[in-house]
Amino acid sequence: MSQQAQQQPEPIYLKDYQVPAYLIEHTDLRFELDEEETLVRATLKVRRNPDCSRGGRAPLELHGHESLELCRLCIDGEILSERDFIRDDELLRISEVPEAFTLECLTRIHPQLNTALEGLYKSDGMFCTQCEAEGFRRITFYPDRPDVMSVFRTTVEADRKRYPVLLSNGNPVDSGEKDEGRHFVTWEDPFPKPAYLFALVAGDLEVLEDTYTTASGRAVKLQIFAESKDLDKLDHAMLSLKNAMRWDEKVYGREYDLDIYMIVAVDFFNMGAMENKGLNIFNTSCVLASPRTTTDAAFQRVEGVVAHEYFHNWSGNRVTCRDWFQLSLKEGFTVFRDSEFSADMNSRTVKRIEDVSMLRTAQFAEDAGPMSHPVRPESFIEISNFYTLTIYEKGAEVVRMLHTLLGAEAFRKGSDIYFERHDGQAVTTDDFVQAMADASGRDLSQFKRWYSQAGTPRVEASDSWDAETGCYRLILRQSCPPTPGQAEKQPFHMPIAYGLLGAGGAELAAGVLELTDAEQTFTFDGLAEKPVPSLLRGFSAPVKLSYPYSDDQLLMLLKHDTDGFNRWDAGQRMAVNLMQLLVEDYRAGKALSLPDALVDSWRALLNDESLDPAMVAHLLRLPSEAYLAELAEVIYVDAIHAVREFLRKSLADALKPEWLATYRRSCSEEPYAPDADACARRSLKNLCLGYLLTTDEDTLLALAEEQFNDADNMTDQQAALSLVVHSGFRDAGRRLLDEFHAQWHHESLVMNQWFALQANDPWPGALERVQGLQEHPLFDERNPNKLRSLVAAFCAQNPVNFHAEDGSGYRYLADWIIKLNQQNPQIAARLLTPLTRWRRYPDAAQARMKAELSRILAESELSKDVYEVVSKSLA
Ligand code: B3K
Ligand code: ZN
């Protein structure tokens, strides 16, 4: 083995799991926060785990990041010398310890130098933490694994003037003054928790307060903290929180357990938010909202994320994960819970369309790429790389399938059993499925393959009809492509919700089929006519289902299917079929043409004022370039873009009066509200404006400018801006960008949108413009939101420019990865995604993408995060 190979990080395996040798009964933490250095005093009550078969032979193992400066270590008051323990990059091992003892540990850390944003760090002027998954080991030496649960008492001490607000988990139990203008607050959290749920915040913050009375009559204080300039943007989060609390009582019978629930908004954050017990920490982008500064999409994201983190209090905190291979236990279940909540609060069909669109583009692409992994992975090098669409979104689909198979009542019974049986425990996905099996009496052993087998299954449907006997047969065949480490797959147990429709659209039968074999035939007798099958209603399983539909059959489903999701999907299937043919024509140098039938059906949709605007807005949106790319054998980026633009412009020209009339009809004088109906109207209106602008007519530019100037909400203003910027009106685009900048330069989140819509501008020269924007005073490469709005928006949402033939886009991304590798490894690894998909592109592009991946791999001192993604991509 070469020297280099020896130093490469090794994966850890689920099969190697061992129970912890020691448990922590109580954790007392004292933080002395300071600008230069922070002192952390940890006092742990430790005892041997009676369930550990290694008994007294097992050393005490504490995780400790290499950045920790160990000042003092004592056992039962005796100071340990360097000979008493061994420390490497990751662990501190003490080989001989008593059965039960007190461990004291004094550690020095430097939060102000922490650019990885894991552990304790500074976001603008405040201190905050992020401990999931393995950030606590950057704060002190500790068994930083989710199956070690402890009661915490935390004292935070800091300068009173700079840090008047001092927060941690649980309830405040003491506070007071110290010398030299310092003060302290002590917090106690009575619920045992793993270290990943620990949180601390210190800053100069304002608060919005409210109270919530639980179903059993307990009053809970609700507090949302933010910088004073953002105090006016917290109402929507507060309302969402109260709605989520009520919903969880009603739908799952789950009440909140502490007397206080706090949320803090911070600007520097690697992901959306974090469910720390009683003290959620949120990226500002997922909690702040006001009509003038926030789009409808962001209002809905705030509602969804606030609910998600709240729901974790049961699915995650009260019942947590045994190890990180079980991550989807809490994430898949909680995403399922938050998506059902959002469906209940808004439009169920629209929510399902949005979720499935994301799953089918991004998660399916992940599952077809080098990072493909099962919902319960077998191994990982860096757990941060496994906060994926597969764990979250596919994990939620797996829970949804259980809900479909068991029915709402048995599912609820199963969730009651799960929460009651495992309250206060760290458990596995098997435990979850077992609770569902016990509640329903069903054998779910085959179903569990959804947790262990990766890849997107395919289901091929065909049928036969016997007119004489009225017997209809539906044949379903399933298969699943190989994924890394899994060449062969066993059949899945999948619910296929269906309906059978007569020629006139009447529903002849409906239900749920259970497909368990590689091939299965389902027989329906006594039908008067050959039906058209509506399959996979509501997207009842996360699979690619094919059936040889004719356009006429799809049109019939589009008009008559009682399942809203499948009505939309019928339209998508028609559009995808057409676009795939046009891509071939384009590549063969043939002229593109727009079929009259499409124009006629869209005209009918636009003219039918009785239809739900939300549905119409979705039906008239062409499948995205990303979705067509995911479906393609080889991705021809320019052809896909050209075809989609051709269709947009042709449909705009052919239906101009209809677009204009629908636009006008969808304008409203009502004051702004982010409810489902109003959002649907705005979405349809802005869709129409987008088509209209492709016609390059000055009067329509004037219409967009008028909307930009007169809008009383960010949805309409930003839509007008981005449509003009992305249109052929280049001068007007630049002018509006300047005006928008002048109006909003003081609003950081609004400026992120301003960056992003320039970064994903498909016109030539985007890379130079993005590079220019990196010099903008508001761009800050240490802030993940800024990196996402410029670098990620360019690399992941601007395919034509990112895949430019000169390789400039690939080089640009690789340069960023190399720069961020040390500075913020989590963000670096995440930004890498577009390069990892190289196998899907034509040969010349493949070679250029691989060359950049190899250049990254050749860097010395690659973080585990980046090493894992790059090495797996090249394998
Ligand atoms: N549990 C956190 C995610 C933590 C990510 C750590 N790299 C947010 C959530 O899913 O609710
Ligand atoms: Zn979560």
# chains A, B, ... in the order shown; residues from 1 in each chain; ligands from 1
>>> residues_near_ligand(ligand="ligand 1", cutoff="10 Å", atoms="only C-alpha atoms and all ligand atoms", output="VMD selection string")
chain A and resid 117 to 118 130 to 135 196 to 197 270 to 276 280 to 282 305 to 312 316 327 to 328 330 to 332 334 to 335 383 to 388 391 to 392 826 to 827
>>> residues_around(residues="range 139-147 of chain A", least_positions_apart="4", cutoff="10 Å", atoms="only C-alpha atoms", output="PyMOL selection string")
chain A and resi 19-24+27+29+31+38-42+44+60-65+67-70+73+90-92+104-111+118-121+129+131-135+193-197+320-324+425-427
>>> atom_distance(atom1="CA of Ala570 in chain A", atom2="CA of Pro495 in chain A")
19.6 Å
>>> closest_atom_pairs(of="range 502-602 of chain A", to="range 336-355 of chain A", cutoff="8 Å", atoms="only C-alpha atoms", output="JSON lines")
{"residue": "A:Gly538", "atom": "CA", "partner": "A:Arg352", "partner_atom": "CA", "distance": 7.2}
{"residue": "A:Gly564", "atom": "CA", "partner": "A:Thr349", "partner_atom": "CA", "distance": 6.0}
{"residue": "A:Phe565", "atom": "CA", "partner": "A:Thr349", "partner_atom": "CA", "distance": 6.0}
{"residue": "A:Trp568", "atom": "CA", "partner": "A:Ile353", "partner_atom": "CA", "distance": 7.8}
>>> residues_around(residues="range 828-838 of chain A", least_positions_apart="6", cutoff="6 Å", atoms="only C-alpha atoms", output="PyMOL selection string")
chain A and resi 817+820-821+846+865-866+873
